[in-house]
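Shown next: input35.txt, given as compact mmCIF, C-alpha atoms.
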# COMPACT_ATOMS: atom_id res chain seq x y z
CA MET S 884 -11.18 24.47 -24.38
CA SER S 885 -12.95 27.25 -22.57
CA LEU S 886 -11.83 28.31 -19.13
CA PHE S 887 -15.07 27.06 -17.62
CA THR S 888 -14.54 23.60 -19.10
CA ILE S 889 -11.03 23.44 -17.64
CA LEU S 890 -12.33 24.50 -14.23
CA LEU S 891 -15.20 22.00 -14.22
CA SER S 892 -13.02 19.21 -15.52
CA ALA S 893 -10.36 19.69 -12.83
CA LEU S 894 -12.97 20.17 -10.11
CA LEU S 895 -15.38 17.30 -10.77
CA VAL S 896 -14.82 15.10 -13.81
CA ASN S 897 -11.12 14.50 -13.30
CA ASN S 898 -11.11 15.24 -9.59
CA PHE S 899 -7.47 15.28 -8.50
CA VAL S 900 -7.97 13.02 -5.52
CA LEU S 901 -10.78 10.67 -6.39
CA VAL S 902 -10.13 10.11 -10.08
CA ARG S 903 -6.47 10.97 -10.66
CA PHE S 904 -5.13 9.74 -7.29
CA LEU S 905 -3.04 12.80 -6.55
CA GLY S 906 -2.60 14.02 -2.99
CA ILE S 907 -3.79 10.84 -1.31
CA CYS S 908 -1.49 11.24 1.73
CA PRO S 909 -3.03 14.50 3.02
CA PHE S 910 -6.44 13.20 1.87
CA MET S 911 -6.12 10.31 4.33
CA GLY S 912 -4.10 12.16 6.97
CA VAL S 913 -6.09 15.37 7.44
CA SER S 914 -9.64 14.13 6.87
CA LYS S 915 -10.57 13.31 10.46
CA GLN S 916 -12.28 16.64 11.18
CA VAL S 917 -14.12 19.04 8.90
CA ASP S 918 -12.42 22.13 10.38
CA SER S 919 -8.89 20.98 9.65
CA ALA S 920 -10.02 19.65 6.26
CA ILE S 921 -11.21 23.13 5.27
CA GLY S 922 -7.95 24.74 6.45
CA MET S 923 -5.79 22.22 4.63
CA GLY S 924 -7.93 22.41 1.50
CA LEU S 925 -7.78 26.19 1.26
CA ALA S 926 -4.04 26.36 1.99
CA THR S 927 -3.41 23.75 -0.71
CA THR S 928 -5.64 25.58 -3.20
CA PHE S 929 -3.74 28.78 -2.61
CA VAL S 930 -0.33 27.14 -3.07
CA MET S 931 -1.62 25.32 -6.15
CA VAL S 932 -2.66 28.54 -7.89
CA VAL S 933 0.59 30.32 -7.02
CA ALA S 934 2.71 27.29 -7.97
CA ALA S 935 0.83 26.80 -11.24
CA ALA S 936 1.60 30.40 -12.23
CA ALA S 937 5.25 30.19 -11.12
CA THR S 938 5.98 26.88 -12.85
CA TRP S 939 4.35 28.12 -16.06
CA LEU S 940 6.72 31.07 -16.11
CA ILE S 941 9.72 28.81 -15.38
CA GLN S 942 8.78 26.35 -18.11
CA TRP S 943 8.13 28.80 -20.94
CA PHE S 944 10.61 31.57 -20.09
CA ILE S 945 13.56 29.60 -18.74
CA LEU S 946 13.48 25.87 -19.47
CA GLU S 947 12.16 25.92 -23.05
CA PRO S 948 14.21 28.84 -24.47
CA PHE S 949 17.44 27.41 -23.04
CA GLY S 950 16.67 23.81 -24.04
CA LEU S 951 16.57 22.47 -20.51
CA PRO S 952 13.25 20.59 -20.23
CA PHE S 953 15.05 17.66 -18.55
CA LEU S 954 15.53 19.88 -15.52
CA GLN S 955 11.76 20.13 -15.15
CA ASN S 956 11.37 17.82 -12.13
CA MET S 957 14.19 19.43 -10.25
CA SER S 958 13.31 23.05 -10.89
CA PHE S 959 9.57 22.59 -10.30
CA ILE S 960 9.99 20.88 -6.95
CA LEU S 961 12.40 23.57 -5.78
CA VAL S 962 10.03 26.32 -6.89
CA ILE S 963 7.14 24.63 -5.10
CA ALA S 964 9.17 24.18 -1.92
CA SER S 965 10.16 27.84 -1.91
CA MET S 966 6.58 28.93 -2.75
CA VAL S 967 5.34 27.05 0.30
CA GLN S 968 8.02 28.74 2.39
CA LEU S 969 7.00 32.12 0.99
CA VAL S 970 3.33 31.55 1.69
CA GLU S 971 4.24 30.50 5.19
CA MET S 972 6.26 33.66 5.81
CA PHE S 973 3.62 35.88 4.22
CA LEU S 974 0.84 34.42 6.38
CA HIS S 975 3.00 34.62 9.47
CA LYS S 976 3.47 38.33 8.89
CA THR S 977 0.02 39.38 7.66
CA SER S 978 -2.42 37.07 9.41
CA PRO S 979 -0.99 35.37 12.49
CA SER S 980 -4.35 33.82 13.42
CA LEU S 981 -4.72 32.12 10.05
CA TYR S 982 -1.06 31.10 10.27
CA ARG S 983 -1.64 29.44 13.63
CA ALA S 984 -4.75 27.69 12.31
CA MET S 985 -2.90 26.21 9.33
CA GLY S 986 0.50 26.00 11.02
CA ILE S 987 1.27 22.33 10.80
CA PHE S 988 -0.33 21.81 7.40
CA LEU S 989 1.72 24.35 5.50
CA PRO S 990 5.10 22.58 5.35
CA LEU S 991 3.30 19.34 4.46
CA ILE S 992 2.02 20.88 1.24
CA THR S 993 5.45 20.62 -0.40
CA THR S 994 5.22 16.84 -0.53
CA ASN S 995 1.64 16.90 -1.80
CA CYS S 996 2.06 15.28 -5.18
CA ALA S 997 -1.07 17.00 -6.48
CA ILE S 998 0.91 20.24 -6.79
CA LEU S 999 3.86 18.87 -8.76
CA GLY S 1000 1.39 16.75 -10.75
CA LEU S 1001 -0.65 19.82 -11.59
CA ALA S 1002 2.44 21.72 -12.74
CA ILE S 1003 3.58 18.88 -14.99
CA MET S 1004 0.10 18.27 -16.40
CA GLY S 1005 -0.28 21.97 -17.17
CA VAL S 1006 2.89 21.79 -19.26
CA GLN S 1007 1.88 18.53 -20.95
CA ASN S 1008 -1.47 20.03 -21.98
CA SER S 1009 0.37 23.18 -23.15
CA TYR S 1010 -2.11 25.46 -21.44
CA THR S 1011 -1.75 29.23 -21.67
CA PHE S 1012 -0.93 31.22 -18.55
CA ILE S 1013 -4.56 31.98 -17.70
CA GLU S 1014 -5.62 28.40 -18.41
CA THR S 1015 -2.88 27.09 -16.11
CA VAL S 1016 -4.03 29.33 -13.28
CA VAL S 1017 -7.67 28.27 -13.75
CA PHE S 1018 -6.55 24.64 -13.90
CA GLY S 1019 -4.74 25.15 -10.58
CA LEU S 1020 -7.81 26.75 -9.04
CA GLY S 1021 -10.07 23.91 -10.21
CA GLY S 1022 -7.66 21.27 -8.98
CA GLY S 1023 -7.32 22.93 -5.60
CA LEU S 1024 -11.06 23.36 -5.13
CA GLY S 1025 -11.60 19.74 -6.20
CA PHE S 1026 -9.07 18.63 -3.59
CA THR S 1027 -10.84 20.75 -0.96
CA LEU S 1028 -14.24 19.33 -1.92
CA ALA S 1029 -13.07 15.71 -1.70
CA LEU S 1030 -11.31 16.38 1.61
CA ILE S 1031 -14.38 18.01 3.19
CA LEU S 1032 -16.71 15.25 1.95
CA LEU S 1033 -14.53 12.49 3.40
CA ALA S 1034 -14.00 14.39 6.66
CA GLY S 1035 -17.76 14.86 7.04
CA ILE S 1036 -18.39 11.13 6.63
CA ARG S 1037 -15.53 10.16 8.94
CA GLU S 1038 -16.86 12.47 11.67
CA GLU S 1039 -20.20 10.69 11.49
CA LEU S 1040 -18.50 7.32 11.69
CA GLN S 1041 -16.71 8.05 14.96
CA PHE S 1042 -19.31 6.24 17.04
CA ALA S 1043 -20.11 3.52 14.52
CA ASP S 1044 -19.28 -0.09 15.35
CA ILE S 1045 -16.68 -0.88 12.70
CA PRO S 1046 -14.95 -4.30 12.62
CA LYS S 1047 -11.61 -3.90 14.41
CA PRO S 1048 -9.17 -4.55 11.51
CA LEU S 1049 -11.02 -2.06 9.30
CA ARG S 1050 -10.79 0.81 11.80
CA GLY S 1051 -8.79 3.86 10.77
CA ALA S 1052 -7.37 3.80 7.29
CA GLY S 1053 -9.18 0.66 6.10
CA ILE S 1054 -12.67 2.07 6.34
CA ALA S 1055 -11.47 5.46 5.07
CA PHE S 1056 -10.24 3.86 1.85
CA ILE S 1057 -13.52 2.04 1.33
CA LEU S 1058 -15.38 5.33 1.89
CA ALA S 1059 -13.08 7.03 -0.59
CA GLY S 1060 -13.91 4.24 -3.03
CA LEU S 1061 -17.62 4.93 -2.65
CA LEU S 1062 -17.03 8.67 -3.11
CA SER S 1063 -14.97 7.91 -6.20
CA LEU S 1064 -17.83 5.77 -7.51
CA ALA S 1065 -20.16 8.74 -7.04
CA PHE S 1066 -17.72 11.07 -8.83
CA GLY S 1067 -17.67 8.55 -11.68
CA GLY S 1068 -21.16 9.85 -12.40
CA PHE S 1069 -19.64 13.14 -13.56
CA ALA S 1070 -17.80 11.38 -16.39
CA GLY S 1071 -18.88 12.67 -19.77
CA LEU S 1072 -19.98 16.00 -18.35
CA VAL S 1073 -17.40 17.86 -20.42
CA MET I 815 22.92 -9.84 10.76
CA ARG I 816 22.21 -6.17 11.29
CA LEU I 817 22.17 -5.63 7.54
CA TRP I 818 19.64 -8.43 7.17
CA LYS I 819 17.46 -6.69 9.76
CA ASP I 820 17.72 -3.40 7.86
CA PHE I 821 16.71 -5.24 4.72
CA VAL I 822 13.67 -7.18 5.96
CA ARG I 823 12.23 -4.31 7.97
CA GLY I 824 10.86 -2.73 4.80
CA LEU I 825 9.40 -6.01 3.57
CA TRP I 826 7.00 -6.56 6.46
CA GLY I 827 7.47 -4.90 9.87
CA GLU I 828 7.61 -1.37 8.46
CA ASN I 829 6.19 -2.04 5.02
CA PRO I 830 5.62 1.42 3.53
CA THR I 831 2.25 0.61 2.01
CA PHE I 832 0.56 -1.66 4.53
CA ARG I 833 2.09 -0.58 7.85
CA LEU I 834 3.25 3.02 7.42
CA LEU I 835 0.65 4.09 4.83
CA ILE I 836 2.99 6.29 2.83
CA GLY I 837 3.55 6.64 -0.90
CA LEU I 838 -0.11 5.98 -1.58
CA CYS I 839 -0.65 7.96 -4.77
CA PRO I 840 1.26 5.66 -7.13
CA THR I 841 0.01 2.67 -5.12
CA LEU I 842 -3.53 3.47 -6.14
CA ALA I 843 -2.96 5.02 -9.53
CA VAL I 844 -0.78 2.58 -11.46
CA THR I 845 -1.93 -0.75 -10.05
CA THR I 846 -4.41 -1.51 -12.83
CA SER I 847 -2.40 -4.67 -13.59
CA ALA I 848 0.28 -6.71 -11.85
CA ILE I 849 2.94 -5.75 -14.42
CA ASN I 850 2.26 -2.04 -14.03
CA GLY I 851 2.39 -2.30 -10.24
CA MET I 852 5.65 -4.23 -10.35
CA SER I 853 7.32 -1.82 -12.80
CA MET I 854 6.36 1.19 -10.70
CA GLY I 855 7.63 -0.59 -7.59
CA LEU I 856 10.97 -1.44 -9.20
CA ALA I 857 11.43 2.10 -10.53
CA THR I 858 10.84 3.45 -7.02
CA ALA I 859 13.12 0.79 -5.51
CA PHE I 860 15.93 1.87 -7.84
CA VAL I 861 15.53 5.52 -6.83
CA LEU I 862 15.37 4.54 -3.15
CA LEU I 863 18.50 2.40 -3.32
CA CYS I 864 20.58 4.99 -5.17
CA SER I 865 19.38 8.05 -3.26
CA SER I 866 19.74 6.37 0.15
CA ALA I 867 23.30 5.31 -0.66
CA LEU I 868 24.31 8.70 -2.06
CA ILE I 869 22.69 10.70 0.73
CA SER I 870 24.39 8.52 3.31
CA LEU I 871 27.68 9.12 1.51
CA LEU I 872 27.09 12.89 1.57
CA LYS I 873 25.67 13.11 5.08
CA ASN I 874 28.76 14.82 6.53
CA VAL I 875 29.03 17.29 3.65
CA ILE I 876 25.44 18.55 3.57
CA PRO I 877 24.78 21.30 6.17
CA ALA I 878 21.85 20.41 8.44
CA LYS I 879 19.93 23.59 7.61
CA VAL I 880 19.63 22.97 3.88
CA ARG I 881 19.43 19.20 4.07
CA ILE I 882 15.85 18.83 2.79
CA PRO I 883 16.39 20.77 -0.48
CA ALA I 884 19.71 18.95 -0.92
CA TYR I 885 18.01 15.56 -0.49
CA ILE I 886 15.29 16.55 -2.94
CA ILE I 887 17.91 17.47 -5.55
CA VAL I 888 19.62 14.09 -5.13
CA ILE I 889 16.30 12.28 -5.42
CA ALA I 890 15.18 14.36 -8.41
CA THR I 891 18.43 13.50 -10.19
CA PHE I 892 17.80 9.76 -9.94
CA VAL I 893 14.16 10.20 -10.87
CA THR I 894 15.18 12.10 -14.00
CA ILE I 895 17.54 9.22 -14.88
CA VAL I 896 14.73 6.67 -14.47
CA ASP I 897 12.36 8.89 -16.45
CA LEU I 898 14.73 9.32 -19.40
CA VAL I 899 15.88 5.67 -19.46
CA MET I 900 12.31 4.37 -19.38
CA ASN I 901 11.28 6.82 -22.07
CA ALA I 902 14.13 5.57 -24.29
CA TYR I 903 13.97 1.80 -23.76
CA MET I 904 10.41 1.11 -22.51
CA PRO I 905 8.21 3.71 -24.22
CA ASP I 906 4.99 1.69 -23.78
CA LEU I 907 5.49 1.31 -20.05
CA HIS I 908 6.54 4.96 -19.81
CA GLN I 909 3.26 5.91 -21.45
CA VAL I 910 1.20 3.87 -18.98
CA LEU I 911 2.96 5.04 -15.81
CA GLY I 912 3.09 8.55 -17.28
CA LEU I 913 2.86 11.30 -14.69
CA PHE I 914 3.69 8.99 -11.80
CA ILE I 915 7.34 8.55 -12.79
CA PRO I 916 8.28 12.21 -12.25
CA LEU I 917 6.11 12.12 -9.15
CA ILE I 918 8.52 9.64 -7.49
CA VAL I 919 10.30 12.86 -6.43
CA VAL I 920 7.51 13.66 -3.99
CA ASN I 921 6.96 10.07 -2.89
CA CYS I 922 7.20 10.38 0.89
CA ILE I 923 8.92 6.98 1.17
CA VAL I 924 12.08 8.22 -0.55
CA LEU I 925 12.46 11.47 1.40
CA GLY I 926 11.30 9.71 4.57
CA ARG I 927 14.08 7.09 4.36
CA ALA I 928 16.65 9.77 3.55
CA GLU I 929 15.68 11.77 6.63
CA ALA I 930 15.00 8.89 9.03
CA PHE I 931 17.71 6.41 8.05
CA ALA I 932 20.27 7.39 5.43
CA SER I 933 21.25 10.63 7.17
CA LYS I 934 22.28 8.70 10.29
CA ASN I 935 23.66 5.38 9.06
CA SER I 936 26.53 3.95 7.02
CA VAL I 937 26.39 3.68 3.24
CA ILE I 938 26.00 -0.11 3.20
CA ALA I 939 23.25 -0.12 5.83
CA SER I 940 21.40 2.69 3.99
CA ALA I 941 21.61 0.81 0.70
CA PHE I 942 20.14 -2.32 2.31
CA ASP I 943 17.45 -0.27 4.01
CA GLY I 944 16.59 1.47 0.72
CA LEU I 945 16.47 -1.80 -1.16
CA GLY I 946 14.31 -3.46 1.50
CA MET I 947 11.85 -0.56 1.54
CA GLY I 948 11.80 -0.50 -2.25
CA LEU I 949 11.09 -4.20 -2.54
CA GLY I 950 8.47 -3.98 0.22
CA PHE I 951 6.78 -1.28 -1.84
CA THR I 952 7.15 -3.45 -4.96
CA TRP I 953 5.46 -6.53 -3.54
CA ALA I 954 2.61 -4.43 -2.14
CA LEU I 955 2.01 -2.83 -5.54
CA THR I 956 2.30 -6.15 -7.35
CA LEU I 957 -0.22 -7.77 -5.00
CA LEU I 958 -2.68 -4.90 -5.38
CA GLY I 959 -2.19 -4.90 -9.16
CA ALA I 960 -2.64 -8.67 -9.37
CA ILE I 961 -5.91 -8.60 -7.41
CA ARG I 962 -7.29 -5.79 -9.54
CA GLU I 963 -6.19 -7.50 -12.74
CA VAL I 964 -7.72 -10.87 -11.77
CA PHE I 965 -11.12 -9.34 -11.00
CA GLY I 966 -11.06 -6.45 -13.44
CA ALA I 967 -9.68 -8.10 -16.57
CA GLY I 968 -9.74 -11.83 -15.80
CA SER I 969 -6.01 -12.20 -16.35
CA ILE I 970 -2.79 -12.35 -14.36
CA PHE I 971 0.52 -10.82 -15.52
CA GLY I 972 -1.15 -10.45 -18.91
CA TYR I 973 -2.21 -14.12 -19.26
CA SER I 974 -5.95 -14.28 -19.63
CA PHE I 975 -7.77 -17.18 -17.97
CA VAL I 976 -11.40 -16.41 -18.71
CA ALA I 977 -13.36 -17.18 -21.86
CA GLU I 978 -13.34 -14.55 -24.61
CA GLY I 979 -16.04 -11.96 -23.98
CA ALA I 980 -16.74 -13.11 -20.42
CA THR I 981 -18.07 -10.43 -18.09
CA THR I 982 -15.48 -9.16 -15.61
CA LEU I 983 -15.80 -6.77 -12.70
CA GLY I 984 -14.80 -3.72 -14.69
CA ILE I 985 -15.10 -1.49 -11.64
CA MET I 986 -11.96 -3.10 -10.18
CA ALA I 987 -9.86 -1.58 -12.95
CA LEU I 988 -11.40 1.87 -12.36
CA PRO I 989 -10.49 4.32 -9.54
CA PRO I 990 -13.16 3.08 -7.04
CA GLY I 991 -11.76 -0.46 -7.31
CA ALA I 992 -8.32 0.80 -6.28
CA PHE I 993 -9.60 2.46 -3.12
CA ILE I 994 -11.81 -0.45 -2.08
CA THR I 995 -9.19 -3.14 -2.77
CA LEU I 996 -6.58 -1.25 -0.76
CA GLY I 997 -9.05 -0.74 2.11
CA ILE I 998 -9.79 -4.47 2.28
CA LEU I 999 -6.12 -5.42 1.92
CA LEU I 1000 -5.23 -3.10 4.82
CA ALA I 1001 -7.84 -4.82 6.98
CA VAL I 1002 -6.39 -8.24 6.06
CA MET I 1003 -2.84 -7.06 6.87
CA ASN I 1004 -4.06 -5.67 10.22
CA MET I 1005 -5.63 -9.05 11.01
CA ILE I 1006 -2.41 -10.90 10.17
CA ALA I 1007 -0.32 -8.47 12.23
CA ALA I 1008 -2.69 -8.78 15.20
CA ARG I 1009 -2.49 -12.58 15.03
CA GLN I 1010 1.33 -12.45 14.88
CA LYS I 1011 1.41 -10.19 17.91
CA LYS I 1012 -0.84 -12.53 19.87
CA LYS I 1013 1.42 -15.47 19.03
CA THR I 1014 4.59 -13.76 20.21
CA SER I 1015 3.17 -12.41 23.46

Would you write out, as structure tokens, the structure that this file holds?
Amino acid sequence: MSLFTILLSALLVNNFVLVRFLGICPFMGVSKQVDSAIGMGLATTFVMVVAAAATWLIQWFILEPFGLPFLQNMSFILVIASMVQLVEMFLHKTSPSLYRAMGIFLPLITTNCAILGLAIMGVQNSYTFIETVVFGLGGGLGFTLALILLAGIREELQFADIPKPLRGAGIAFILAGLLSLAFGGFAGLV
Amino acid sequence: MRLWKDFVRGLWGENPTFRLLIGLCPTLAVTTSAINGMSMGLATAFVLLCSSALISLLKNVIPAKVRIPAYIIVIATFVTIVDLVMNAYMPDLHQVLGLFIPLIVVNCIVLGRAEAFASKNSVIASAFDGLGMGLGFTWALTLLGAIREVFGAGSIFGYSFVAEGATTLGIMALPPGAFITLGILLAVMNMIAARQKKKTS
């Protein structure tokens, strides 16, 4: 598979959120406003790329040579948690304004299952290092795209007259279903 | 009596799927049939029960500052057990649930109960709380899976009830069906909860 195919596949055809159902919690939680959706999306993309690279190194230089693949879950989640911490500290030091803008979203990224899912899928597909990083980038951008699309629609819906029980999460899920239907059109692209 | 309260809270009042809206990724991803939903629910319930009990047992040993990584290690241990056991004895099911078994580690329900309940309560109470939450998650997943299976494949728990070759709503088995079914179910649960509230007040 070429790098472009991997990128396109992770971004559109097998969109992490709308087709693979990874990262639904932040998708529902942070999609009320476009601004915060962009911040969350970019922070997640960044962590995804870094975590994809780090977990690849762990898998092929530590777990495989020492015959420890059963420690995969445990080591990956710890690496991701510390990566998030590292990104947080780095941003805090270098760009305080960006740090303040993303503040609350950063720690939440650890429990975003899209990141652990991406790391495990990268191993399952036995991608090379570069392919894993591109896969992470595609997945992250796909997450950002889905988040911004849903946030845009939900902003428009603020003044709509929605039946009371459907308000909030109910209507958001139905919207996500319609978006997912639209993304179904990308099937067969690669 | 208190234990009973800890147990039923997860089943309805604080049902993780319908009331708290957490642990949604597996809820949507594996509920293509009732059996799949139920298996995923039971696997999560097992992890919840064991990790809640163990974390409650260790609550005085774990320093507060490193509690989250420590909890995650405990949870990941039980998830690895489930993963390996399912791979050995139920390979077909393991294949279907695939990625979502290791992802129980990052299911917010498990860490959420560890932080909110097990770290403050006795072992027995935490075990009941974990079991209640786990079974609440299980029935939600089974219901969602059953609805999608009935419309998407014309069967229930694998028993087909439509004529051979009949047209079914295939979309219900695909990703959009999961989102839309959950959206409608949430609205129904909100209606029931609102009616209950009106009755009590």

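Of the listed residues (I:Ala930, I:Ala1001, I:Ala967, I:Val893), I:Val893 comes nearest to Phe860 of chain I; the distances count only C-alpha atoms.
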
Write out as a list in words each polymer residue whose atoms come within 9 Å of segment 898-909 of chain I, counting only C-alpha atoms; drop sequence neighbours fewer than 5 positions from it. Phe953 of chain S; Asn850, Ser853, Val893 and Ile915 of chain I

Considering only C-alpha atoms, tabulate each residue of chain S that lies at most 8 Å from chain I along with its nearest interatomic pair and the corresponding distance in Å to one decimal; arrange the rows by chain and ascending residue number and present them as JSON lines.
{"residue": "S:Leu901", "atom": "CA", "partner": "I:Pro989", "partner_atom": "CA", "distance": 7.1}
{"residue": "S:Val902", "atom": "CA", "partner": "I:Pro989", "partner_atom": "CA", "distance": 5.8}
{"residue": "S:Arg903", "atom": "CA", "partner": "I:Ala843", "partner_atom": "CA", "distance": 7.0}
{"residue": "S:Phe904", "atom": "CA", "partner": "I:Cys839", "partner_atom": "CA", "distance": 5.4}
{"residue": "S:Leu905", "atom": "CA", "partner": "I:Cys839", "partner_atom": "CA", "distance": 5.7}
{"residue": "S:Gly906", "atom": "CA", "partner": "I:Cys839", "partner_atom": "CA", "distance": 6.6}
{"residue": "S:Ile907", "atom": "CA", "partner": "I:Cys839", "partner_atom": "CA", "distance": 5.5}
{"residue": "S:Cys908", "atom": "CA", "partner": "I:Leu838", "partner_atom": "CA", "distance": 6.4}
{"residue": "S:Phe953", "atom": "CA", "partner": "I:Thr894", "partner_atom": "CA", "distance": 7.2}
{"residue": "S:Leu954", "atom": "CA", "partner": "I:Thr894", "partner_atom": "CA", "distance": 7.9}
{"residue": "S:Asn956", "atom": "CA", "partner": "I:Ala890", "partner_atom": "CA", "distance": 6.4}
{"residue": "S:Met957", "atom": "CA", "partner": "I:Ala890", "partner_atom": "CA", "distance": 5.5}
{"residue": "S:Ile960", "atom": "CA", "partner": "I:Ile886", "partner_atom": "CA", "distance": 7.9}
{"residue": "S:Leu961", "atom": "CA", "partner": "I:Pro883", "partner_atom": "CA", "distance": 7.2}
{"residue": "S:Thr994", "atom": "CA", "partner": "I:Val920", "partner_atom": "CA", "distance": 5.2}
{"residue": "S:Asn995", "atom": "CA", "partner": "I:Val920", "partner_atom": "CA", "distance": 7.1}
{"residue": "S:Cys996", "atom": "CA", "partner": "I:Val920", "partner_atom": "CA", "distance": 5.8}
{"residue": "S:Leu999", "atom": "CA", "partner": "I:Leu917", "partner_atom": "CA", "distance": 7.1}
{"residue": "S:Gly1000", "atom": "CA", "partner": "I:Leu917", "partner_atom": "CA", "distance": 6.8}
{"residue": "S:Ile1003", "atom": "CA", "partner": "I:Leu913", "partner_atom": "CA", "distance": 7.6}
{"residue": "S:Met1004", "atom": "CA", "partner": "I:Leu913", "partner_atom": "CA", "distance": 7.7}
{"residue": "S:Pro1048", "atom": "CA", "partner": "I:Ala1001", "partner_atom": "CA", "distance": 4.7}
{"residue": "S:Leu1049", "atom": "CA", "partner": "I:Ala1001", "partner_atom": "CA", "distance": 4.8}
{"residue": "S:Arg1050", "atom": "CA", "partner": "I:Ala1001", "partner_atom": "CA", "distance": 8.0}
{"residue": "S:Ala1052", "atom": "CA", "partner": "I:Gly997", "partner_atom": "CA", "distance": 7.1}
{"residue": "S:Gly1053", "atom": "CA", "partner": "I:Gly997", "partner_atom": "CA", "distance": 4.2}
{"residue": "S:Ile1054", "atom": "CA", "partner": "I:Gly997", "partner_atom": "CA", "distance": 6.2}
{"residue": "S:Ala1055", "atom": "CA", "partner": "I:Gly997", "partner_atom": "CA", "distance": 7.3}
{"residue": "S:Phe1056", "atom": "CA", "partner": "I:Gly997", "partner_atom": "CA", "distance": 4.8}
{"residue": "S:Ile1057", "atom": "CA", "partner": "I:Ile994", "partner_atom": "CA", "distance": 4.6}
{"residue": "S:Leu1058", "atom": "CA", "partner": "I:Ile994", "partner_atom": "CA", "distance": 7.9}
{"residue": "S:Ala1059", "atom": "CA", "partner": "I:Phe993", "partner_atom": "CA", "distance": 6.3}
{"residue": "S:Gly1060", "atom": "CA", "partner": "I:Pro990", "partner_atom": "CA", "distance": 4.2}
{"residue": "S:Leu1061", "atom": "CA", "partner": "I:Pro990", "partner_atom": "CA", "distance": 6.5}
{"residue": "S:Leu1062", "atom": "CA", "partner": "I:Pro990", "partner_atom": "CA", "distance": 7.9}
{"residue": "S:Ser1063", "atom": "CA", "partner": "I:Pro990", "partner_atom": "CA", "distance": 5.2}
{"residue": "S:Leu1064", "atom": "CA", "partner": "I:Pro990", "partner_atom": "CA", "distance": 5.4}

What is the atom CA of Ser940 of chain I to atom CA of Val861 of chain I distance in Å?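 About the pair atom CA of Ser940 of chain I and atom CA of Val861 of chain I: they are 12.6 Å apart.
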
So, counting all atoms listed in the file, which residue among S:Val900, S:Leu946, S:Ala1070, S:Leu1001 is closest to Leu1033 of chain S?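 Among the listed residues, the smallest separation from Leu1033 of chain S belongs to S:Val900.
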
Distance query Trp818 of chain I at most 10 Å, only C-alpha atoms, self and fewer than 3 positions along chain excluded, as an NGL selection string: :I and (815 or 821-823 or 939 or 942-943 or 946)

Could you please determine the separation between atom CA of Pro948 of chain S and atom CA of Val930 of chain S in Å, to one decimal place?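 These atoms are spaced 25.9 Å apart.
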
Could you list as a ChimeraX atom specification every residue that has an atom within 9 Å of (21.6, 8.4, 6.7), using the file's coordinates and counting only C-alpha atoms? /I:866-867,869-873,927-937,939-940

Could you dump the residues just selected with C-alpha atoms as a PDB file, in the frame of the given file?
ATOM      1  CA  SER I 866      19.740   6.370   0.150  1.00  0.00           C
ATOM      2  CA  ALA I 867      23.300   5.310  -0.660  1.00  0.00           C
ATOM      3  CA  ILE I 869      22.690  10.700   0.730  1.00  0.00           C
ATOM      4  CA  SER I 870      24.390   8.520   3.310  1.00  0.00           C
ATOM      5  CA  LEU I 871      27.680   9.120   1.510  1.00  0.00           C
ATOM      6  CA  LEU I 872      27.090  12.890   1.570  1.00  0.00           C
ATOM      7  CA  LYS I 873      25.670  13.110   5.080  1.00  0.00           C
ATOM      8  CA  ARG I 927      14.080   7.090   4.360  1.00  0.00           C
ATOM      9  CA  ALA I 928      16.650   9.770   3.550  1.00  0.00           C
ATOM     10  CA  GLU I 929      15.680  11.770   6.630  1.00  0.00           C
ATOM     11  CA  ALA I 930      15.000   8.890   9.030  1.00  0.00           C
ATOM     12  CA  PHE I 931      17.710   6.410   8.050  1.00  0.00           C
ATOM     13  CA  ALA I 932      20.270   7.390   5.430  1.00  0.00           C
ATOM     14  CA  SER I 933      21.250  10.630   7.170  1.00  0.00           C
ATOM     15  CA  LYS I 934      22.280   8.700  10.290  1.00  0.00           C
ATOM     16  CA  ASN I 935      23.660   5.380   9.060  1.00  0.00           C
ATOM     17  CA  SER I 936      26.530   3.950   7.020  1.00  0.00           C
ATOM     18  CA  VAL I 937      26.390   3.680   3.240  1.00  0.00           C
ATOM     19  CA  ALA I 939      23.250  -0.120   5.830  1.00  0.00           C
ATOM     20  CA  SER I 940      21.400   2.690   3.990  1.00  0.00           C
TER      21      SER I 940
END

Contact residues around Gly824 of chain I with only C-alpha atoms at 8 Å, ignoring same-chain residues under 2 positions, as a ChimeraX atom specification: /I:820-822,826-830,943,946-951
